[in-house]
file coords06.cif (mmCIF, C-alpha atoms)
data_target
#
loop_
_atom_site.label_atom_id
_atom_site.label_comp_id
_atom_site.auth_asym_id
_atom_site.auth_seq_id
_atom_site.Cartn_x
_atom_site.Cartn_y
_atom_site.Cartn_z
CA MET A 1 101.28 107.89 -39.81
CA LYS A 2 104.84 107.26 -38.64
CA GLU A 3 105.85 110.17 -36.50
CA ASP A 4 108.29 112.48 -38.19
CA VAL A 5 109.30 115.40 -36.02
CA ALA A 6 110.33 117.49 -38.99
CA ILE A 7 106.89 117.22 -40.59
CA LEU A 8 105.17 117.89 -37.25
CA GLU A 9 107.24 121.04 -36.86
CA ARG A 10 106.42 122.07 -40.39
CA ILE A 11 102.71 121.56 -39.70
CA ARG A 12 102.95 123.56 -36.51
CA ASN A 13 104.74 126.41 -38.29
CA TYR A 14 102.08 126.38 -41.00
CA VAL A 15 99.27 126.59 -38.44
CA ARG A 16 101.07 129.36 -36.57
CA GLY A 17 101.63 131.40 -39.73
CA ARG A 18 105.41 131.22 -39.40
CA MET A 19 106.06 130.33 -43.03
CA SER A 20 107.05 132.60 -45.86
CA SER A 21 104.62 132.68 -48.80
CA ASP A 22 106.91 130.29 -50.75
CA GLU A 23 107.09 127.84 -47.88
CA GLN A 24 103.34 128.05 -47.43
CA GLU A 25 102.74 127.34 -51.10
CA ALA A 26 105.10 124.35 -51.01
CA PHE A 27 103.41 123.00 -47.91
CA GLU A 28 99.92 123.37 -49.39
CA LYS A 29 101.10 121.44 -52.45
CA LEU A 30 102.32 118.73 -50.10
CA LEU A 31 98.91 118.68 -48.43
CA GLU A 32 97.28 118.11 -51.79
CA GLN A 33 99.64 115.21 -52.47
CA GLN A 34 99.26 113.74 -48.97
CA PRO A 35 95.69 114.48 -47.86
CA GLU A 36 96.18 112.28 -44.78
CA LEU A 37 98.25 115.15 -43.36
CA GLN A 38 95.12 117.30 -43.05
CA GLU A 39 94.12 115.45 -39.89
CA GLU A 40 97.45 116.43 -38.34
CA VAL A 41 96.99 120.02 -39.44
CA ASP A 42 93.57 120.12 -37.76
CA PHE A 43 95.01 118.58 -34.60
CA ALA A 44 97.88 121.06 -34.52
CA ARG A 45 95.47 123.97 -34.95
CA GLU A 46 93.43 122.79 -31.99
CA MET A 47 96.53 122.18 -29.89
CA VAL A 48 97.97 125.62 -30.54
CA LEU A 49 94.77 127.33 -29.43
CA VAL A 50 93.92 125.13 -26.50
CA GLY A 51 97.57 124.95 -25.43
CA GLU A 52 97.62 128.71 -24.98
CA GLU A 53 94.51 128.70 -22.78
CA ALA A 54 95.66 125.73 -20.75
CA GLU A 55 99.13 127.11 -20.09
CA THR A 56 97.79 130.58 -19.23
CA GLU A 57 95.33 129.10 -16.75
CA ARG A 58 97.91 126.78 -15.21
CA LEU A 59 100.32 129.65 -14.59
CA PHE A 60 97.55 131.87 -13.31
CA ARG A 61 96.56 129.30 -10.69
CA LEU A 62 100.19 128.98 -9.66
CA VAL A 63 100.52 132.75 -9.20
CA GLU A 64 97.31 132.84 -7.18
CA GLU A 65 98.46 130.04 -4.91
CA GLU A 66 101.70 131.84 -4.14
CA ILE A 67 99.92 135.13 -3.48
CA LYS A 68 97.54 133.41 -1.08
CA LYS A 69 100.58 132.51 0.98
CA ASN A 70 101.74 136.13 1.02
CA PRO A 71 98.91 138.69 0.76
CA VAL A 72 100.84 141.80 1.90
CA ASP A 73 100.68 145.38 0.62
CA GLN A 74 103.54 147.81 0.15
CA GLN A 75 103.56 148.85 3.79
CA GLY A 76 103.95 145.24 4.81
CA ARG A 77 100.38 144.97 6.09
CA VAL A 78 98.35 141.87 5.43
CA VAL A 79 95.70 142.66 2.87
CA ARG A 80 92.39 140.91 2.93
CA ILE A 81 91.87 139.71 -0.59
CA ASN A 82 88.65 138.09 -1.65
CA PHE A 83 90.12 135.35 -3.79
CA ARG A 84 86.75 134.29 -5.02
CA ARG A 85 86.42 137.73 -6.53
CA VAL A 86 89.93 137.55 -7.93
CA LEU A 87 89.05 134.24 -9.54
CA ALA A 88 85.78 135.63 -10.89
CA VAL A 89 87.46 138.67 -12.43
CA ALA A 90 90.31 136.62 -13.83
CA ALA A 91 87.88 134.05 -15.21
CA ALA A 92 85.99 136.86 -16.95
CA ILE A 93 89.17 138.22 -18.48
CA LEU A 94 90.44 134.79 -19.46
CA ALA A 95 87.09 133.82 -20.94
CA LEU A 96 87.20 136.87 -23.16
CA VAL A 97 90.73 136.09 -24.26
CA VAL A 98 90.20 132.40 -24.95
CA ALA A 99 86.89 132.94 -26.72
CA GLY A 100 88.86 134.88 -29.27
CA TYR A 101 87.01 138.09 -28.43
CA TRP A 102 90.18 140.07 -28.75
CA TRP A 103 88.30 143.31 -29.11
CA LEU A 104 87.29 143.09 -25.49
CA VAL A 105 90.77 142.45 -24.15
CA PRO A 106 92.92 143.26 -27.12
CA LYS A 107 96.33 141.66 -27.43
CA GLU A 108 99.14 144.15 -27.31
CA SER A 109 100.09 145.41 -30.70
CA ASP A 110 103.75 145.22 -31.69
CA PHE A 111 103.95 148.95 -31.08
CA GLU A 112 102.55 148.70 -27.56
CA GLU A 113 104.86 145.81 -26.79
CA PHE A 114 107.80 147.81 -28.03
CA LEU A 115 106.89 150.78 -25.84
CA THR A 116 106.53 148.53 -22.80
CA GLU A 117 109.86 146.81 -23.35
CA GLY A 118 111.68 149.83 -24.74
CA TYR A 119 111.02 152.04 -21.77
CA ILE A 120 113.99 152.24 -19.40
CA GLU A 121 113.38 153.72 -16.01
CA PRO A 122 115.82 156.12 -14.37
CA ASP A 123 118.81 154.83 -12.43
CA ASP A 124 118.33 154.52 -8.73
CA PRO A 125 121.03 156.72 -7.12
CA THR A 126 120.51 155.06 -3.74
CA VAL A 127 122.23 152.03 -5.25
CA ARG A 128 125.28 154.15 -5.90
CA GLY A 129 125.27 155.15 -2.24
CA GLU A 130 125.83 158.81 -2.89
CA THR A 131 122.60 160.31 -1.85
CA THR A 132 120.68 161.72 1.07
CA TYR A 133 117.27 160.74 2.32
CA ASP A 134 115.69 163.79 0.68
CA ILE A 135 117.01 162.69 -2.71
CA SER A 136 116.15 159.02 -2.33
CA ARG A 137 112.53 159.65 -1.36
CA PRO A 138 111.29 160.86 -4.77
CA TYR A 139 112.94 157.80 -6.37
CA ARG A 140 111.33 155.47 -3.90
CA GLU A 141 107.91 156.97 -4.52
CA PHE A 142 108.49 156.68 -8.29
CA TYR A 143 109.32 152.98 -8.02
CA PHE A 144 106.18 152.47 -5.93
CA GLY A 145 104.10 154.19 -8.59
CA ASN A 146 103.32 157.28 -6.51
CA TYR A 147 104.20 159.60 -9.35
CA GLU A 148 102.41 162.72 -8.16
CA LEU A 149 103.98 162.44 -4.73
CA SER A 150 107.40 161.94 -6.33
CA ILE A 151 106.88 165.13 -8.36
CA SER A 152 105.85 167.15 -5.31
CA LEU A 153 108.94 165.92 -3.41
CA ILE A 154 111.22 166.88 -6.31
CA ASP A 155 109.67 170.35 -6.39
CA LYS A 156 110.76 170.89 -2.78
CA ILE A 157 114.43 170.21 -3.48
CA PRO A 158 116.51 173.34 -4.14
CA LEU A 159 117.69 174.01 -7.70
CA SER A 160 121.22 174.32 -6.37
CA ASP A 161 121.36 170.66 -5.32
CA SER A 162 124.10 168.83 -7.25
CA MET A 163 121.68 166.08 -8.23
CA TYR A 164 119.05 168.46 -9.48
CA LEU A 165 119.42 167.53 -13.14
CA GLU A 166 118.89 163.86 -12.34
CA LEU A 167 115.86 164.77 -10.27
CA LEU A 168 114.50 166.78 -13.16
CA PHE A 169 115.01 163.71 -15.31
CA LEU A 170 113.07 161.71 -12.74
CA LYS A 171 110.31 164.32 -12.92
CA GLY A 172 110.12 163.79 -16.68
CA HIS A 173 109.71 160.05 -16.05
CA ASN A 174 106.98 160.72 -13.51
CA PHE A 175 104.96 162.76 -16.00
CA LEU A 176 105.48 160.06 -18.61
CA GLN A 177 104.08 157.44 -16.27
CA LEU A 178 101.13 159.69 -15.48
CA GLY A 179 100.36 159.93 -19.18
CA ASN A 180 101.12 163.65 -19.31
CA TYR A 181 103.36 163.35 -22.35
CA GLU A 182 103.41 167.06 -23.16
CA GLU A 183 104.83 167.94 -19.77
CA SER A 184 107.30 165.06 -19.92
CA ILE A 185 108.56 166.15 -23.34
CA LYS A 186 108.87 169.76 -22.17
CA ILE A 187 111.00 168.76 -19.19
CA LEU A 188 113.21 166.40 -21.19
CA LYS A 189 113.76 169.00 -23.88
CA GLY A 190 114.69 171.46 -21.16
CA ILE A 191 117.30 169.05 -19.82
CA GLU A 192 118.74 168.51 -23.30
CA GLY A 193 118.98 172.26 -23.71
CA LEU A 194 121.37 172.38 -20.76
CA LYS A 195 123.81 169.93 -22.32
CA PRO A 196 126.25 172.46 -23.79
CA SER A 197 126.76 174.09 -20.39
CA ILE A 198 127.19 170.93 -18.30
CA GLU A 199 130.20 168.64 -18.50
CA ARG A 200 129.77 166.24 -15.62
CA TYR A 201 127.31 163.89 -17.28
CA ASP A 202 128.45 161.24 -19.73
CA ALA A 203 127.06 160.32 -23.14
CA ASN A 204 125.00 157.51 -21.63
CA PHE A 205 123.01 159.95 -19.51
CA TRP A 206 122.25 162.23 -22.46
CA ASP A 207 121.27 159.29 -24.64
CA HIS A 208 118.96 158.06 -21.89
CA VAL A 209 117.34 161.51 -21.73
CA GLY A 210 116.98 161.57 -25.50
CA TRP A 211 115.55 158.06 -25.59
CA THR A 212 113.02 158.82 -22.87
CA LYS A 213 111.89 161.82 -24.85
CA ILE A 214 111.42 159.55 -27.89
CA ILE A 215 109.31 157.19 -25.79
CA ALA A 216 107.16 160.14 -24.68
CA TYR A 217 106.65 161.19 -28.29
CA ALA A 218 105.84 157.60 -29.21
CA TYR A 219 103.24 157.27 -26.46
CA ARG A 220 101.75 160.58 -27.46
CA TYR A 221 101.40 159.39 -31.05
CA HIS A 222 100.07 156.03 -29.90
CA ASN A 223 97.27 157.76 -27.98
CA SER A 224 96.43 160.44 -30.51
CA GLU A 225 97.08 158.56 -33.78
CA LEU A 226 97.50 161.99 -35.39
CA THR A 227 99.69 162.27 -38.48
CA GLY A 228 101.31 165.38 -37.05
CA ASP A 229 102.43 163.48 -33.97
CA LEU A 230 103.85 160.70 -36.13
CA GLU A 231 105.83 163.23 -38.14
CA LEU A 232 107.24 164.75 -34.97
CA LEU A 233 108.17 161.31 -33.70
CA ASN A 234 109.94 160.52 -36.97
CA GLN A 235 111.84 163.81 -36.84
CA GLU A 236 112.96 163.21 -33.26
CA LEU A 237 114.03 159.68 -34.15
CA GLU A 238 116.14 160.91 -37.05
CA VAL A 239 117.90 163.47 -34.89
CA PHE A 240 118.45 160.91 -32.13
CA ILE A 241 119.84 158.24 -34.46
CA ASN A 242 122.23 160.76 -36.01
CA GLN A 243 123.59 161.84 -32.64
CA ALA A 244 123.53 158.68 -30.51
CA ASP A 245 126.44 156.30 -30.03
CA PRO A 246 125.86 153.37 -32.46
CA GLU A 247 127.25 150.97 -29.87
CA ASP A 248 124.79 151.75 -27.13
CA ILE A 249 121.46 150.16 -26.46
CA TYR A 250 119.41 153.31 -27.09
CA PHE A 251 120.66 153.53 -30.63
CA LYS A 252 119.60 149.97 -31.37
CA LYS A 253 116.19 150.54 -29.84
CA ALA A 254 115.74 153.71 -31.87
CA GLU A 255 116.53 151.87 -35.07
CA ASN A 256 114.03 149.15 -34.18
CA LEU A 257 111.38 151.76 -33.45
CA LYS A 258 112.02 153.44 -36.77
CA ILE A 259 111.44 150.13 -38.56
CA LEU A 260 108.32 149.45 -36.52
CA ILE A 261 106.62 152.75 -37.29
CA SER A 262 107.47 152.58 -40.95
CA ASN A 263 105.65 149.21 -41.29
CA MET B 264 118.92 132.44 -4.51
CA LYS B 265 118.73 136.26 -4.70
CA CYS B 266 115.77 137.72 -6.55
CA THR B 267 117.69 139.54 -9.26
CA ASP B 268 116.16 139.96 -12.69
CA GLN B 269 118.70 137.58 -14.16
CA ASN B 270 117.94 134.90 -11.56
CA ILE B 271 114.20 135.24 -12.11
CA ILE B 272 114.66 134.58 -15.80
CA GLU B 273 116.88 131.59 -15.09
CA LEU B 274 114.25 130.15 -12.77
CA ILE B 275 111.52 130.56 -15.38
CA ASN B 276 113.65 128.82 -17.98
CA LYS B 277 114.17 125.79 -15.75
CA HIS B 278 110.66 124.57 -16.65
CA GLN B 279 110.05 123.05 -13.23
CA GLU B 280 107.09 123.90 -11.04
CA SER B 281 109.27 124.48 -7.98
CA ALA B 282 111.42 126.94 -9.94
CA GLU B 283 108.28 128.63 -11.30
CA ARG B 284 106.99 129.13 -7.77
CA GLU B 285 110.33 130.58 -6.71
CA ALA B 286 110.29 132.99 -9.66
CA ILE B 287 106.71 134.00 -8.87
CA ASN B 288 107.66 134.62 -5.25
CA CYS B 289 110.59 136.75 -6.35
CA MET B 290 108.26 138.79 -8.54
CA GLN B 291 105.98 139.45 -5.57
CA GLY B 292 108.31 142.36 -4.89
CA CYS B 293 106.77 143.96 -7.98
CA ARG B 294 103.24 143.70 -6.65
CA PRO B 295 103.09 146.87 -4.50
CA GLN B 296 104.26 149.00 -7.39
CA ALA B 297 101.84 147.42 -9.86
CA ILE B 298 98.78 147.60 -7.62
CA SER B 299 99.63 151.15 -6.68
CA VAL B 300 99.85 152.15 -10.35
CA LEU B 301 96.60 150.36 -11.16
CA GLY B 302 94.92 152.24 -8.34
CA ARG B 303 96.09 155.50 -9.80
CA GLN B 304 94.75 154.48 -13.17
CA GLY B 305 91.26 154.25 -11.74
CA LEU B 306 91.01 150.59 -10.74
CA LYS B 307 89.68 150.86 -7.22
CA GLU B 308 89.00 147.29 -6.13
CA MET B 309 92.08 145.64 -4.64
CA ASP B 310 90.90 142.19 -5.80
CA GLU B 311 90.74 143.34 -9.40
CA ARG B 312 94.13 145.00 -9.18
CA VAL B 313 95.53 141.69 -7.95
CA SER B 314 93.90 139.95 -10.92
CA PHE B 315 95.55 142.23 -13.43
CA TYR B 316 98.85 141.93 -11.64
CA ASN B 317 98.56 138.12 -11.72
CA LEU B 318 97.80 138.14 -15.42
CA SER B 319 100.74 140.38 -16.17
CA VAL B 320 103.05 137.98 -14.29
CA VAL B 321 101.66 135.09 -16.34
CA ASN B 322 102.14 137.14 -19.51
CA PHE B 323 105.74 137.82 -18.50
CA ILE B 324 106.53 134.15 -17.83
CA ILE B 325 105.12 133.16 -21.21
CA LYS B 326 107.09 135.89 -22.96
CA VAL B 327 110.33 134.74 -21.35
CA ARG B 328 109.69 131.14 -22.36
CA LYS B 329 108.90 132.18 -25.91
CA LYS B 330 112.17 134.15 -25.89
CA GLU B 331 110.22 137.32 -26.58
CA PHE B 332 111.60 139.22 -23.59
CA GLN B 333 115.11 140.58 -23.53
CA LEU B 334 116.74 141.62 -20.33
CA THR B 335 118.72 144.74 -21.21
CA GLY B 336 121.18 146.48 -18.94
CA GLN B 337 118.80 148.87 -17.28
CA ALA B 338 115.37 147.38 -17.95
CA LYS B 339 113.73 145.99 -14.85
CA ILE B 340 111.22 143.18 -14.66
CA CYS B 341 109.06 145.10 -12.20
CA THR B 342 108.76 148.01 -14.63
CA TYR B 343 107.72 145.63 -17.37
CA ILE B 344 105.15 143.86 -15.23
CA THR B 345 103.72 147.14 -13.97
CA GLU B 346 103.48 148.56 -17.47
CA THR B 347 101.82 145.39 -18.77
CA ALA B 348 99.26 145.36 -15.95
CA LYS B 349 98.50 149.02 -16.53
CA ARG B 350 98.05 148.58 -20.28
CA LYS B 351 95.88 145.53 -19.94
CA TRP B 352 93.67 147.39 -17.47
CA LEU B 353 93.46 150.48 -19.71
CA ALA B 354 92.59 148.36 -22.73
CA PHE B 355 89.98 146.44 -20.74
CA ARG B 356 88.49 149.63 -19.38
CA LYS B 357 88.15 151.08 -22.87
CA LYS B 358 86.00 148.19 -24.02
CA HIS B 359 84.20 147.15 -20.89
CA ASN B 360 80.81 148.27 -22.15
CA LYS B 361 80.64 145.50 -24.73
CA PRO B 362 78.49 142.54 -23.66
CA LEU B 363 80.12 139.23 -22.84
CA PRO B 364 79.71 136.54 -25.51
CA LYS B 365 76.80 134.16 -24.91
CA GLY B 366 76.25 130.50 -25.65
CA PRO B 367 78.45 127.51 -24.91
CA ASP B 368 78.72 126.37 -28.49
CA VAL B 369 79.83 129.55 -30.20
CA VAL B 370 81.93 128.91 -33.24
CA ASP B 371 84.92 131.17 -33.30
CA PRO B 372 84.85 132.78 -36.75
CA GLU B 373 88.64 133.13 -36.69
CA ASN B 374 89.46 129.44 -36.60
CA GLY B 375 86.27 127.41 -36.92
CA LEU B 376 86.73 125.67 -33.57
CA SER B 377 83.62 125.26 -31.52
CA GLU B 378 83.68 125.78 -27.77
CA GLU B 379 82.70 122.14 -27.35
CA VAL B 380 85.77 120.90 -29.23
CA LYS B 381 88.03 123.21 -27.28
CA ALA B 382 86.51 122.13 -23.97
CA ARG B 383 86.98 118.43 -24.85
CA LEU B 384 90.60 118.97 -25.75
CA ARG B 385 91.13 120.99 -22.54
CA ARG B 386 89.74 118.13 -20.49
CA ALA B 387 91.96 115.68 -22.37
CA LEU B 388 95.01 117.84 -21.68
CA ASP B 389 94.12 117.97 -18.00
CA LYS B 390 94.11 114.17 -17.87
CA LEU B 391 97.64 113.85 -19.24
CA SER B 392 100.54 113.21 -16.90
CA ALA B 393 102.69 116.25 -16.02
CA THR B 394 105.49 114.97 -18.28
CA ASP B 395 103.20 114.43 -21.26
CA ARG B 396 101.51 117.76 -20.76
CA ASP B 397 104.90 119.47 -20.48
CA ILE B 398 106.13 118.24 -23.84
CA VAL B 399 102.94 118.92 -25.82
CA THR B 400 102.77 122.43 -24.32
CA ALA B 401 106.45 123.02 -25.10
CA PHE B 402 106.03 121.75 -28.66
CA TYR B 403 102.73 123.35 -29.70
CA PHE B 404 102.53 126.45 -27.55
CA TYR B 405 106.09 127.51 -26.77
CA GLU B 406 107.37 126.11 -30.11
CA THR B 407 110.47 124.83 -28.34
CA PRO B 408 112.79 123.02 -30.78
CA LEU B 409 113.07 119.40 -29.73
CA ASP B 410 116.84 119.54 -29.26
CA GLU B 411 116.45 122.52 -26.90
CA TYR B 412 113.69 120.71 -25.05
CA ALA B 413 115.91 117.65 -24.64
CA GLU B 414 118.80 119.75 -23.34
CA SER B 415 116.71 121.68 -20.84
CA ARG B 416 115.08 118.52 -19.46
CA LYS B 417 118.41 116.67 -19.51
CA ILE B 418 117.27 113.85 -21.75
CA SER B 419 118.54 112.66 -25.13
CA TYR B 420 117.04 113.88 -28.39
CA ASP B 421 115.74 110.39 -29.13
CA SER B 422 114.05 110.23 -25.73
CA ALA B 423 112.42 113.59 -26.42
CA LYS B 424 111.14 112.32 -29.77
CA LYS B 425 109.66 109.23 -28.13
CA ARG B 426 108.17 111.31 -25.35
CA LEU B 427 106.46 113.58 -27.87
CA SER B 428 105.15 110.65 -29.87
CA ARG B 429 103.74 108.93 -26.76
CA ALA B 430 102.20 112.13 -25.41
CA ARG B 431 100.45 112.86 -28.69
CA ALA B 432 99.13 109.30 -28.92
CA ARG B 433 97.85 109.38 -25.32
CA LEU B 434 96.23 112.73 -25.84
CA LYS B 435 94.39 111.57 -28.94
CA GLU B 436 93.29 108.41 -27.15
CA ILE B 437 91.95 110.32 -24.16
CA TYR B 438 90.25 112.83 -26.45
CA LYS B 439 88.31 110.04 -28.18
CA THR B 440 86.97 108.76 -24.88
CA ILE B 441 85.77 112.13 -23.58
CA GLN B 442 82.11 113.05 -24.10
#
call {"tool": "encode", "arguments": {"input": "coords06.cif", "output": "structure tokens"}}
result
Amino acid sequence: MKEDVAILERIRNYVRGRMSSDEQEAFEKLLEQQPELQEEVDFAREMVLVGEEAETERLFRLVEEEIKKNPVDQQGRVVRINFRRVLAVAAAILALVVAGYWWLVPKESDFEEFLTEGYIEPDDPTVRGETTYDISRPYREFYFGNYELSISLIDKIPLSDSMYLELLFLKGHNFLQLGNYEESIKILKGIEGLKPSIERYDANFWDHVGWTKIIAYAYRYHNSELTGDLELLNQELEVFINQADPEDIYFKKAENLKILISN
Amino acid sequence: MKCTDQNIIELINKHQESAEREAINCMQGCRPQAISVLGRQGLKEMDERVSFYNLSVVNFIIKVRKKEFQLTGQAKICTYITETAKRKWLAFRKKHNKPLPKGPDVVDPENGLSEEVKARLRRALDKLSATDRDIVTAFYFYETPLDEYAESRKISYDSAKKRLSRARARLKEIYKTIQ
């Protein structure tokens, strides 16, 4: 068969399920008229599957090689890593993925993906250069994933500190990362409740607080799968979309989330 | 080159192994955070934490190449990688009691491909030259339009077409000869 890139692309899209139902119907009619194309369809199907495994493994080996050159932990100490064990574990995970046993290592759902990509961590005030060591420490611990330590450091900072609201916001993020969505939501609602009495923060800060609260609600629903939690999430989304600036990124994310949960 | 999020993404999109390695090295800054979070989520063994971190980096690179990752103003790559590693571990932990599949010739009910066929094609792919392998992976896995492929590799569209045609032919030839 003379190679025609357009037909190869069409075959690939068919195999990958990228066609609309009309396009699919038209293509299947074409297959009936040109049965010799079936061989190409079978080849494309194999290539799509095997290509994914091969590329995943290639990249994995690359990552491992680079880590072997630099096996240090967060304190800068050299960590003894048993790479044979790393390979064995990774091989087990990869084998499950490539064998199509998705129920053992499930692919992320669209919703999970959205939550991962939609989450926006708090600004690092040390970058702005207007902070003391006491304030920067809880942020540093947050970025290192030491959420409980970050919370305990925040709790030691006096309420009168000018950055206290931002630290409270950080505390909400810490609880979110710990999976304590109730506590996170409570803190974020508390911050929102202060809005009428505080002028120094701009709309972007309040939208970020509101969006983080939405993420907490979304995670809570994702874990519980309760209808009540979905209703609450929908209510919060409506309120947020009505109040947020249509030009900012949080608004767009909220709209996308609304579409996602309605599907 | 500084390891900013934007630069990491540019390196990944260069589609060269040296650039990939540089991107991976830049992302090593994310490792302490990710392995710390995984530890807090109950994954005790350092080796296994490293495995999940590695897989989340691979996942990230693939997402960028498939144009499924958007770098927004405040989103950070390290946060994404850490979250991905955590979620993969939590999902794995939920199901870890299920037995591993047995048998080398299991037919995958989803697509009818036997393990033997997949293994033969894998071996055939491994025998391709780096250039041939690059274009078949870009075409079938990353679904890169051929004009974009040509532009990124700095070749003409016609050269890309020929390259694809040759790579496919070689792959099929090698596949036939593999037992």
call {"tool": "resolve_selection", "arguments": {"input": "coords06.cif", "expression": "the PyMOL selection byres ((chain B and resi 272-284) around 10)", "output": "MDAnalysis selection string"}}
result
(chainID A and resid 59 62:63 65:66) or (chainID B and resid 264 266:271 285:290 323:325 327:330 332:334 340 397 401 412 415:416)
call {"tool": "closest_residue", "arguments": {"input": "coords06.cif", "among": "B:Ile398, B:Leu318, B:Leu384, B:Ala423", "to": "B:Lys439", "atoms": "all atoms listed in the file"}}
result
B:Leu384
call {"tool": "resolve_selection", "arguments": {"input": "coords06.cif", "expression": "the PyMOL selection byres ((chain B and resi 395) around 10)", "output": "number ranges by chain"}}
result
B: 388, 390-394, 396-401, 426-431, 433-434
call {"tool": "closest_atom_pairs", "arguments": {"input": "coords06.cif", "of": "chain B", "to": "chain A", "cutoff": "6 Å", "atoms": "all atoms listed in the file", "output": "Markdown table"}}
result
| residue | atom | partner | partner_atom | distance |
| --- | --- | --- | --- | --- |
| B:Pro295 | CA | A:Gln74 | CA | 4.8 |
| B:Gln296 | CA | A:Phe144 | CA | 4.2 |
| B:Ser299 | CA | A:Gly145 | CA | 5.7 |
| B:Val300 | CA | A:Gly145 | CA | 5.0 |
| B:Asp310 | CA | A:Val86 | CA | 5.2 |
| B:Ser314 | CA | A:Val86 | CA | 5.5 |
| B:Val321 | CA | A:Leu59 | CA | 5.9 |
| B:Ala338 | CA | A:Ile120 | CA | 5.3 |
| B:Phe355 | CA | A:Val105 | CA | 5.3 |
| B:Lys358 | CA | A:Leu104 | CA | 5.5 |
| B:Thr400 | CA | A:Gly51 | CA | 5.9 |
| B:Tyr403 | CA | A:Val48 | CA | 5.3 |
| B:Phe404 | CA | A:Val48 | CA | 5.5 |
call {"tool": "resolve_selection", "arguments": {"input": "coords06.cif", "expression": "the PyMOL selection byres ((chain A and resi 260) around 12)", "output": "VMD selection string"}}
result
chain A and resid 109 to 115 218 234 237 253 to 259 261 to 263
call {"tool": "atom_distance", "arguments": {"input": "coords06.cif", "atom1": "atom CA of B:Gln291", "atom2": "atom CA of A:Arg140"}}
result
17.0 Å
call {"tool": "atom_distance", "arguments": {"input": "coords06.cif", "atom1": "atom CA of B:Ala387", "atom2": "atom CA of B:Phe402"}}
result
16.6 Å
call {"tool": "atom_distance", "arguments": {"input": "coords06.cif", "atom1": "atom CA of A:Val239", "atom2": "atom CA of A:Asn174"}}
result
24.2 Å
call {"tool": "residues_around", "arguments": {"input": "coords06.cif", "residues": "stretch 159-162 of chain A", "least_positions_apart": "3", "cutoff": "12 Å", "atoms": "all atoms listed in the file", "output": "number ranges by chain"}}
result
A: 130-132, 134-135, 154-156, 165-168, 198, 200-201
call {"tool": "write_last_selection", "arguments": {"input": "coords06.cif", "atoms": "C-alpha atoms", "output": "short mmCIF file (atom, residue, chain, number, x, y, z; two decimals), in the coordinates of the input"}}
result
data_model
loop_
_atom_site.label_atom_id
_atom_site.label_comp_id
_atom_site.auth_asym_id
_atom_site.auth_seq_id
_atom_site.Cartn_x
_atom_site.Cartn_y
_atom_site.Cartn_z
CA GLU A 130 125.83 158.81 -2.89
CA THR A 131 122.60 160.31 -1.85
CA THR A 132 120.68 161.72 1.07
CA ASP A 134 115.69 163.79 0.68
CA ILE A 135 117.01 162.69 -2.71
CA ILE A 154 111.22 166.88 -6.31
CA ASP A 155 109.67 170.35 -6.39
CA LYS A 156 110.76 170.89 -2.78
CA LEU A 165 119.42 167.53 -13.14
CA GLU A 166 118.89 163.86 -12.34
CA LEU A 167 115.86 164.77 -10.27
CA LEU A 168 114.50 166.78 -13.16
CA ILE A 198 127.19 170.93 -18.30
CA ARG A 200 129.77 166.24 -15.62
CA TYR A 201 127.31 163.89 -17.28
#
call {"tool": "closest_residue", "arguments": {"input": "coords06.cif", "among": "B:Ser377, B:Gly292, B:Arg386, B:Ala432", "to": "B:Cys341", "atoms": "all atoms listed in the file"}}
result
B:Gly292
call {"tool": "residues_near_point", "arguments": {"input": "coords06.cif", "point": "(101.1, 144.1, -20.1)", "cutoff": "8 Å", "atoms": "only C-alpha atoms", "output": "ChimeraX atom specification"}}
result
/A:108,113,116 /B:319,322-323,343-351
call {"tool": "residues_near_point", "arguments": {"input": "coords06.cif", "point": "(102.6, 160.8, -29.2)", "cutoff": "12 Å", "atoms": "only C-alpha atoms", "output": "PyMOL selection string"}}
result
chain A and resi 115+176+179-182+184-185+213-234+236
